[in-house]
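Here is model30.txt, consisting of compact mmCIF, C-alpha atoms and all ligand atoms:
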# COMPACT_ATOMS: atom_id res chain seq x y z
CA MET A 1 -32.67 14.15 33.25
CA LYS A 2 -35.79 12.23 32.32
CA ARG A 3 -36.70 14.78 29.68
CA LEU A 4 -33.20 14.64 28.22
CA MET A 5 -33.51 10.90 27.88
CA VAL A 6 -36.85 11.20 26.09
CA VAL A 7 -35.31 13.71 23.69
CA ALA A 8 -32.30 11.42 23.13
CA LEU A 9 -34.55 8.44 22.45
CA ALA A 10 -36.71 10.45 20.07
CA TRP A 11 -33.60 11.58 18.22
CA ALA A 12 -32.25 8.04 18.03
CA GLY A 13 -35.58 6.85 16.62
CA LEU A 14 -35.56 9.62 14.03
CA ALA A 15 -31.95 8.91 13.09
CA GLY A 16 -32.77 5.21 12.68
CA ALA A 17 -35.71 5.98 10.44
CA GLN A 18 -33.52 8.24 8.32
CA MET A 19 -30.65 5.84 7.73
CA PRO A 20 -30.41 5.79 3.95
CA ILE A 21 -30.45 2.85 1.59
CA ALA A 22 -27.17 2.92 -0.35
CA VAL A 23 -27.66 2.19 -4.06
CA ASP A 24 -24.33 1.55 -5.76
CA VAL A 25 -23.91 1.95 -9.54
CA GLY A 26 -21.63 -0.90 -10.62
CA HIS A 27 -18.43 -0.07 -12.57
CA PHE A 28 -17.27 3.37 -13.76
CA LEU A 29 -16.74 5.27 -16.98
CA ASP A 30 -13.10 4.27 -17.56
CA LYS A 31 -13.86 0.56 -16.96
CA PRO A 32 -17.57 0.33 -17.73
CA GLY A 33 -17.99 -3.45 -17.37
CA ALA A 34 -19.47 -5.74 -20.01
CA LEU A 35 -20.46 -4.55 -23.48
CA SER A 36 -24.06 -5.40 -24.40
CA ALA A 37 -25.17 -7.25 -27.52
CA HIS A 38 -26.08 -3.88 -29.05
CA GLY A 39 -22.89 -2.12 -27.97
CA ILE A 40 -24.01 -0.27 -24.84
CA THR A 41 -21.84 -0.44 -21.70
CA GLU A 42 -22.95 -2.14 -18.53
CA PHE A 43 -22.24 1.06 -16.58
CA GLU A 44 -24.88 2.85 -18.62
CA TYR A 45 -27.47 0.16 -17.83
CA ASN A 46 -26.48 0.14 -14.14
CA HIS A 47 -26.70 3.92 -13.97
CA ASP A 48 -30.18 4.08 -15.48
CA LEU A 49 -31.60 1.23 -13.39
CA ALA A 50 -30.08 2.60 -10.14
CA ALA A 51 -31.81 5.92 -10.81
CA VAL A 52 -35.19 4.19 -11.23
CA ILE A 53 -34.64 2.13 -8.05
CA ALA A 54 -33.63 5.27 -6.12
CA THR A 55 -36.74 7.14 -7.30
CA ARG A 56 -38.99 4.21 -6.43
CA LEU A 57 -37.60 4.08 -2.86
CA GLN A 58 -37.71 7.87 -2.46
CA ASN A 59 -41.35 7.88 -3.56
CA GLU A 60 -42.01 5.78 -0.48
CA GLY A 61 -40.34 8.43 1.65
CA LEU A 62 -37.15 6.42 2.07
CA PRO A 63 -33.82 8.24 1.99
CA VAL A 64 -31.41 6.97 -0.66
CA HIS A 65 -27.67 7.50 -0.97
CA LEU A 66 -26.42 6.93 -4.54
CA ILE A 67 -22.82 5.73 -4.92
CA GLY A 68 -20.76 5.85 -8.11
CA HIS A 69 -23.48 7.49 -10.22
CA ARG A 70 -21.03 10.07 -11.58
CA GLY A 71 -18.92 7.31 -13.08
CA ASP A 72 -15.70 8.24 -11.29
CA MET A 73 -15.65 5.58 -8.55
CA ALA A 74 -12.54 3.54 -9.46
CA ASP A 75 -11.79 2.21 -5.96
CA LEU A 76 -14.11 -0.65 -4.99
CA LYS A 77 -13.40 -0.30 -1.27
CA ALA A 78 -14.36 3.38 -1.43
CA ARG A 79 -17.92 2.30 -2.29
CA SER A 80 -18.52 0.39 0.96
CA ALA A 81 -16.65 3.11 2.88
CA GLU A 82 -18.96 5.75 1.43
CA ALA A 83 -22.00 3.66 2.42
CA ALA A 84 -20.68 3.45 6.00
CA GLU A 85 -19.98 7.18 6.08
CA ALA A 86 -23.54 7.87 4.93
CA GLY A 87 -24.83 5.65 7.77
CA ALA A 88 -26.54 3.33 5.28
CA ARG A 89 -28.72 0.56 6.70
CA VAL A 90 -28.17 -1.64 3.64
CA LEU A 91 -26.02 -1.54 0.49
CA LEU A 92 -27.41 -2.66 -2.87
CA SER A 93 -24.94 -2.85 -5.75
CA VAL A 94 -26.66 -2.67 -9.16
CA HIS A 95 -25.19 -4.62 -12.09
CA HIS A 96 -26.12 -6.27 -15.40
CA ASP A 97 -24.86 -9.68 -16.35
CA SER A 98 -22.66 -11.10 -19.08
CA VAL A 99 -21.15 -14.53 -19.73
CA LYS A 100 -17.69 -16.05 -20.09
CA GLU A 101 -15.75 -15.16 -23.25
CA HIS A 102 -16.15 -18.53 -24.94
CA HIS A 103 -19.96 -18.33 -24.86
CA LEU A 104 -20.00 -15.07 -26.87
CA GLN A 105 -20.91 -15.30 -30.58
CA PRO A 106 -19.89 -12.63 -33.08
CA TRP A 107 -22.57 -10.69 -34.97
CA THR A 108 -22.86 -7.37 -36.75
CA TRP A 109 -25.41 -4.76 -35.80
CA ASN A 110 -25.67 -1.34 -37.45
CA GLY A 111 -22.34 -2.03 -39.14
CA ARG A 112 -20.64 -2.67 -35.83
CA ALA A 113 -18.90 -5.94 -34.91
CA LEU A 114 -20.41 -7.04 -31.61
CA ARG A 115 -21.00 -10.23 -29.63
CA HIS A 116 -24.03 -11.90 -28.09
CA ALA A 117 -24.99 -15.00 -26.08
CA ASP A 118 -28.72 -15.56 -26.56
CA GLY A 119 -28.77 -18.81 -24.60
CA PHE A 120 -28.35 -17.03 -21.25
CA ALA A 121 -30.98 -14.95 -19.48
CA GLY A 122 -32.42 -13.87 -16.18
CA PHE A 123 -31.54 -12.19 -12.90
CA SER A 124 -29.26 -13.31 -10.08
CA LEU A 125 -28.20 -12.00 -6.67
CA PHE A 126 -24.98 -12.35 -4.71
CA VAL A 127 -24.03 -12.16 -1.04
CA SER A 128 -20.68 -12.65 0.72
CA ARG A 129 -20.13 -14.90 3.72
CA ARG A 130 -17.33 -12.52 4.66
CA ASN A 131 -19.82 -9.70 5.24
CA PRO A 132 -20.40 -9.32 9.02
CA LEU A 133 -24.18 -9.41 8.52
CA VAL A 134 -24.47 -12.29 6.07
CA ALA A 135 -27.79 -13.61 7.43
CA GLN A 136 -29.47 -10.24 6.95
CA SER A 137 -27.81 -9.80 3.55
CA LEU A 138 -29.13 -13.19 2.46
CA ALA A 139 -32.61 -12.50 3.82
CA CYS A 140 -32.80 -9.34 1.69
CA ALA A 141 -31.36 -11.02 -1.42
CA SER A 142 -33.81 -13.92 -1.08
CA ALA A 143 -36.73 -11.56 -0.60
CA ILE A 144 -35.82 -9.53 -3.70
CA GLY A 145 -35.27 -12.74 -5.69
CA ALA A 146 -38.69 -14.00 -4.59
CA GLU A 147 -40.29 -10.78 -5.83
CA LEU A 148 -38.48 -10.94 -9.19
CA ARG A 149 -39.64 -14.54 -9.64
CA ARG A 150 -43.18 -13.53 -8.75
CA ALA A 151 -42.94 -10.87 -11.46
CA GLY A 152 -42.20 -13.68 -13.92
CA LEU A 153 -38.44 -13.28 -14.45
CA PRO A 154 -36.22 -16.34 -14.89
CA ILE A 155 -33.18 -17.01 -12.70
CA ALA A 156 -29.76 -16.88 -14.40
CA THR A 157 -28.30 -20.25 -13.56
CA HIS A 158 -25.03 -19.94 -15.50
CA HIS A 159 -22.94 -18.82 -12.51
CA ASP A 160 -23.37 -22.33 -11.17
CA LEU A 161 -21.61 -23.89 -14.19
CA SER A 162 -18.32 -25.46 -13.23
CA SER A 163 -16.89 -25.66 -16.76
CA ASP A 164 -14.72 -22.59 -16.19
CA GLY A 165 -13.37 -23.80 -12.89
CA ILE A 166 -15.01 -20.93 -11.02
CA ARG A 167 -18.28 -22.07 -9.54
CA ARG A 168 -20.47 -19.93 -7.33
CA PRO A 169 -22.28 -22.01 -4.74
CA TRP A 170 -25.99 -21.39 -4.30
CA ALA A 171 -27.01 -19.51 -1.17
CA ASP A 172 -30.72 -19.78 -2.07
CA GLU A 173 -31.23 -21.58 -5.37
CA ALA A 174 -35.03 -21.16 -5.37
CA ASN A 175 -34.66 -17.37 -5.33
CA GLY A 176 -31.56 -17.01 -7.52
CA VAL A 177 -29.03 -16.10 -4.79
CA TYR A 178 -25.37 -17.17 -4.99
CA TYR A 179 -22.48 -16.83 -2.56
CA TYR A 180 -19.60 -14.70 -3.86
CA ASP A 181 -17.46 -14.43 -0.76
CA ASN A 182 -14.61 -12.30 -2.11
CA LEU A 183 -16.68 -9.67 -3.88
CA ILE A 184 -14.98 -6.56 -2.49
CA VAL A 185 -18.02 -4.27 -2.27
CA LEU A 186 -19.94 -6.93 -0.31
CA ARG A 187 -17.22 -8.25 1.98
CA THR A 188 -15.90 -4.81 2.99
CA ALA A 189 -19.39 -3.46 3.79
CA ALA A 190 -20.15 -2.92 7.48
CA MET A 191 -23.89 -3.19 6.81
CA PRO A 192 -25.98 -5.90 5.08
CA ALA A 193 -24.93 -5.86 1.43
CA LEU A 194 -26.09 -7.56 -1.76
CA LEU A 195 -25.37 -7.38 -5.46
CA LEU A 196 -28.09 -7.61 -8.09
CA GLU A 197 -27.46 -8.73 -11.67
CA ALA A 198 -30.69 -7.41 -13.14
CA GLY A 199 -30.49 -9.37 -16.38
CA VAL A 200 -28.18 -10.53 -19.17
CA ILE A 201 -27.24 -7.68 -21.52
CA VAL A 202 -25.45 -9.95 -24.01
CA ASN A 203 -28.77 -11.69 -24.69
CA ARG A 204 -30.18 -9.71 -27.63
CA GLN A 205 -33.82 -10.04 -26.62
CA GLU A 206 -33.34 -9.61 -22.89
CA GLU A 207 -31.20 -6.54 -23.52
CA ARG A 208 -34.10 -4.90 -25.38
CA GLU A 209 -36.37 -5.67 -22.41
CA LEU A 210 -33.80 -4.38 -19.90
CA ALA A 211 -33.71 -1.07 -21.78
CA THR A 212 -37.47 -0.49 -21.31
CA PRO A 213 -38.99 1.64 -18.54
CA ALA A 214 -41.37 -1.28 -17.81
CA ARG A 215 -38.59 -3.75 -16.99
CA ARG A 216 -36.73 -1.16 -14.89
CA ALA A 217 -39.91 -0.35 -12.97
CA LEU A 218 -40.58 -4.05 -12.41
CA THR A 219 -37.07 -4.53 -10.98
CA ALA A 220 -37.34 -1.42 -8.80
CA GLU A 221 -40.69 -2.64 -7.48
CA ALA A 222 -39.17 -6.01 -6.57
CA VAL A 223 -36.27 -4.28 -4.78
CA ALA A 224 -38.65 -2.07 -2.79
CA LYS A 225 -40.91 -4.96 -1.81
CA GLY A 226 -37.96 -7.22 -1.01
CA LEU A 227 -36.27 -4.63 1.20
CA ALA A 228 -39.56 -4.16 3.04
CA ALA A 229 -39.95 -7.92 3.54
CA CYS A 230 -36.45 -8.26 5.04
CA GLY A 231 -37.05 -5.40 7.45
CA MET A 232 -34.93 -2.72 5.76
CA THR A 233 -37.64 -0.14 5.26
CA ASN A 234 -40.27 1.38 7.51
CA GLN A 235 -42.93 -0.66 5.78
CA SER A 236 -41.41 -3.73 7.40
CA GLU A 237 -43.26 -3.20 10.68
CA ALA A 238 -46.59 -3.31 8.86
CA GLU A 239 -45.82 -5.97 6.28
CA GLY A 240 -43.30 -7.86 8.35
CA SER A 241 -41.52 -10.99 7.27
CA GLU A 242 -44.39 -12.19 5.18
CA LEU A 243 -42.59 -14.08 2.44
CA ARG A 244 -45.59 -15.20 0.42
ZN ZN B 1 -21.01 -5.69 -13.31
Could the structure of this file be written out as structure tokens, please?
Amino acid sequence: MKRLMVVALAWAGLAGAQMPIAVDVGHFLDKPGALSAHGITEFEYNHDLAAVIATRLQNEGLPVHLIGHRGDMADLKARSAEAAEAGARVLLSVHHDSVKEHHLQPWTWNGRALRHADGFAGFSLFVSRRNPLVAQSLACASAIGAELRRAGLPIATHHDLSSDGIRRPWADEANGVYYYDNLIVLRTAAMPALLLEAGVIVNRQEERELATPARRALTAEAVAKGLAACGMTNQSEAEGSELR
């Protein structure tokens, strides 16, 4: 009896350590999200960054479950359901940012009519107060935001503008985290969940940076460190809640 219990506890510990981090690739091939200043879809940027984040986490020995990377995930609720099915400890949805229609300026690049908005830049994070684990979601978003700031990235403040009628309240202004309560992927997730807008792809200069391996590695590093700081990876025991 006693031995059985020890075995059961050991198994539970192992299972806990192996709960994957779900990395969700925002949008899908048929509706690929925003179009960048240079004519590349947001899905393509999300796909490439998610792969770098997944590799960075796996290099630390952390299991990762990628969602939507094949580009066929049309149902938003299926994303959080897949994360639950995989037993994910946290769900990170990877996106790249754009701006409202009226901020976009026409320009031509390589003979192609495109649009840009160079006055907007930076990262932002979103959590939903309708997620059952909002405090943990926010702790992770804040920790990742703190790491991105430390790496020198600006915060995208344009989601706070009320000119369009839709205003996202700050959850943690200092670290670039907004509340977006009805975001389906976040509110339907059974585990802590957050959405990252890694940068503004309609900003011509920031888009070029976002396309570089260096910027992707910097973002992946911030995600890994942030998830450790909020207790979502095994490192958390050693490094704890040290939010420098
Ligand atoms: Zn998006």
Cut-off 8 Å around (-27.6, -2.6, -27.2) with only C-alpha atoms: residues as a PyMOL selection string: chain A and resi 36-40+201+204+207-208
Contacts with ligand ZN 1 (chain B) at most 12 Å, all atoms listed in the file counted, listed as number ranges by chain: A: 24-28, 31-36, 41-47, 76, 93-99, 124-126, 183, 185, 195-201
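Put simply, CA of Arg150 in chain A is 16.3 Å away from CA of Ala121 in chain A.
Closest approach to Asp75 in chain A among A:Ile184, A:Val23, A:Ala220, A:Ala211 is made by A:Ile184 (distances from all atoms listed in the file).
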Could you pull the residues within 10 Å of Val64 in chain A, counting all atoms listed in the file, minus those fewer than 3 positions along the same chain, as a PDB file with C-alpha atoms, keeping the file's coordinate frame?
ATOM      1  CA  GLN A  18     -33.520   8.240   8.320  1.00  0.00           C
ATOM      2  CA  MET A  19     -30.650   5.840   7.730  1.00  0.00           C
ATOM      3  CA  PRO A  20     -30.410   5.790   3.950  1.00  0.00           C
ATOM      4  CA  ILE A  21     -30.450   2.850   1.590  1.00  0.00           C
ATOM      5  CA  ALA A  22     -27.170   2.920  -0.350  1.00  0.00           C
ATOM      6  CA  VAL A  23     -27.660   2.190  -4.060  1.00  0.00           C
ATOM      7  CA  ILE A  53     -34.640   2.130  -8.050  1.00  0.00           C
ATOM      8  CA  ALA A  54     -33.630   5.270  -6.120  1.00  0.00           C
ATOM      9  CA  THR A  55     -36.740   7.140  -7.300  1.00  0.00           C
ATOM     10  CA  ARG A  56     -38.990   4.210  -6.430  1.00  0.00           C
ATOM     11  CA  LEU A  57     -37.600   4.080  -2.860  1.00  0.00           C
ATOM     12  CA  GLN A  58     -37.710   7.870  -2.460  1.00  0.00           C
ATOM     13  CA  GLY A  61     -40.340   8.430   1.650  1.00  0.00           C
ATOM     14  CA  ILE A  67     -22.820   5.730  -4.920  1.00  0.00           C
ATOM     15  CA  ALA A  86     -23.540   7.870   4.930  1.00  0.00           C
ATOM     16  CA  ALA A  88     -26.540   3.330   5.280  1.00  0.00           C
TER      17      ALA A  88
END
Write out N, CA and C atoms for range 57-83 of chain A, as a compact mmCIF listing (two decimals), in the frame of the given file.
# COMPACT_ATOMS: atom_id res chain seq x y z
N LEU A 57 -37.74 4.10 -4.31
CA LEU A 57 -37.60 4.08 -2.86
C LEU A 57 -37.92 5.46 -2.27
N GLN A 58 -37.46 6.50 -2.95
CA GLN A 58 -37.71 7.87 -2.46
C GLN A 58 -39.20 8.20 -2.50
N ASN A 59 -39.90 7.66 -3.47
CA ASN A 59 -41.35 7.88 -3.56
C ASN A 59 -42.08 7.32 -2.35
N GLU A 60 -41.43 6.36 -1.68
CA GLU A 60 -42.01 5.78 -0.48
C GLU A 60 -41.58 6.55 0.76
N GLY A 61 -40.83 7.63 0.55
CA GLY A 61 -40.34 8.43 1.65
C GLY A 61 -39.04 7.92 2.24
N LEU A 62 -38.39 6.99 1.55
CA LEU A 62 -37.15 6.42 2.07
C LEU A 62 -35.94 7.20 1.56
N PRO A 63 -35.02 7.55 2.47
CA PRO A 63 -33.82 8.24 1.99
C PRO A 63 -32.89 7.29 1.24
N VAL A 64 -32.30 7.79 0.16
CA VAL A 64 -31.41 6.97 -0.66
C VAL A 64 -30.07 7.69 -0.80
N HIS A 65 -28.99 6.93 -0.71
CA HIS A 65 -27.67 7.50 -0.97
C HIS A 65 -27.09 6.79 -2.20
N LEU A 66 -26.97 7.51 -3.31
CA LEU A 66 -26.42 6.93 -4.54
C LEU A 66 -24.89 6.95 -4.50
N ILE A 67 -24.29 5.84 -4.90
CA ILE A 67 -22.82 5.73 -4.92
C ILE A 67 -22.38 5.42 -6.35
N GLY A 68 -21.37 6.14 -6.82
CA GLY A 68 -20.76 5.85 -8.11
C GLY A 68 -21.57 6.30 -9.31
N HIS A 69 -22.61 7.10 -9.10
CA HIS A 69 -23.48 7.49 -10.22
C HIS A 69 -22.81 8.49 -11.15
N ARG A 70 -21.73 9.12 -10.69
CA ARG A 70 -21.03 10.07 -11.58
C ARG A 70 -20.03 9.36 -12.48
N GLY A 71 -19.80 8.07 -12.21
CA GLY A 71 -18.92 7.31 -13.08
C GLY A 71 -17.45 7.47 -12.78
N ASP A 72 -17.12 7.99 -11.60
CA ASP A 72 -15.70 8.24 -11.29
C ASP A 72 -15.20 7.38 -10.12
N MET A 73 -15.98 6.36 -9.74
CA MET A 73 -15.65 5.58 -8.55
C MET A 73 -14.78 4.38 -8.95
N ALA A 74 -13.46 4.59 -9.01
CA ALA A 74 -12.54 3.54 -9.46
C ALA A 74 -12.17 2.57 -8.34
N ASP A 75 -12.21 3.03 -7.09
CA ASP A 75 -11.79 2.21 -5.96
C ASP A 75 -12.99 1.48 -5.36
N LEU A 76 -12.96 0.13 -5.46
CA LEU A 76 -14.11 -0.65 -4.99
C LEU A 76 -14.35 -0.49 -3.50
N LYS A 77 -13.25 -0.42 -2.73
CA LYS A 77 -13.40 -0.30 -1.27
C LYS A 77 -14.00 1.05 -0.88
N ALA A 78 -13.80 2.05 -1.73
CA ALA A 78 -14.36 3.38 -1.43
C ALA A 78 -15.88 3.36 -1.47
N ARG A 79 -16.45 2.39 -2.19
CA ARG A 79 -17.92 2.30 -2.29
C ARG A 79 -18.53 1.90 -0.95
N SER A 80 -17.99 0.82 -0.34
CA SER A 80 -18.52 0.39 0.96
C SER A 80 -18.19 1.41 2.04
N ALA A 81 -17.03 2.07 1.91
CA ALA A 81 -16.65 3.11 2.88
C ALA A 81 -17.62 4.28 2.81
N GLU A 82 -18.00 4.64 1.58
CA GLU A 82 -18.96 5.75 1.43
C GLU A 82 -20.33 5.38 2.01
N ALA A 83 -20.72 4.11 1.85
CA ALA A 83 -22.00 3.66 2.42
C ALA A 83 -21.96 3.76 3.94
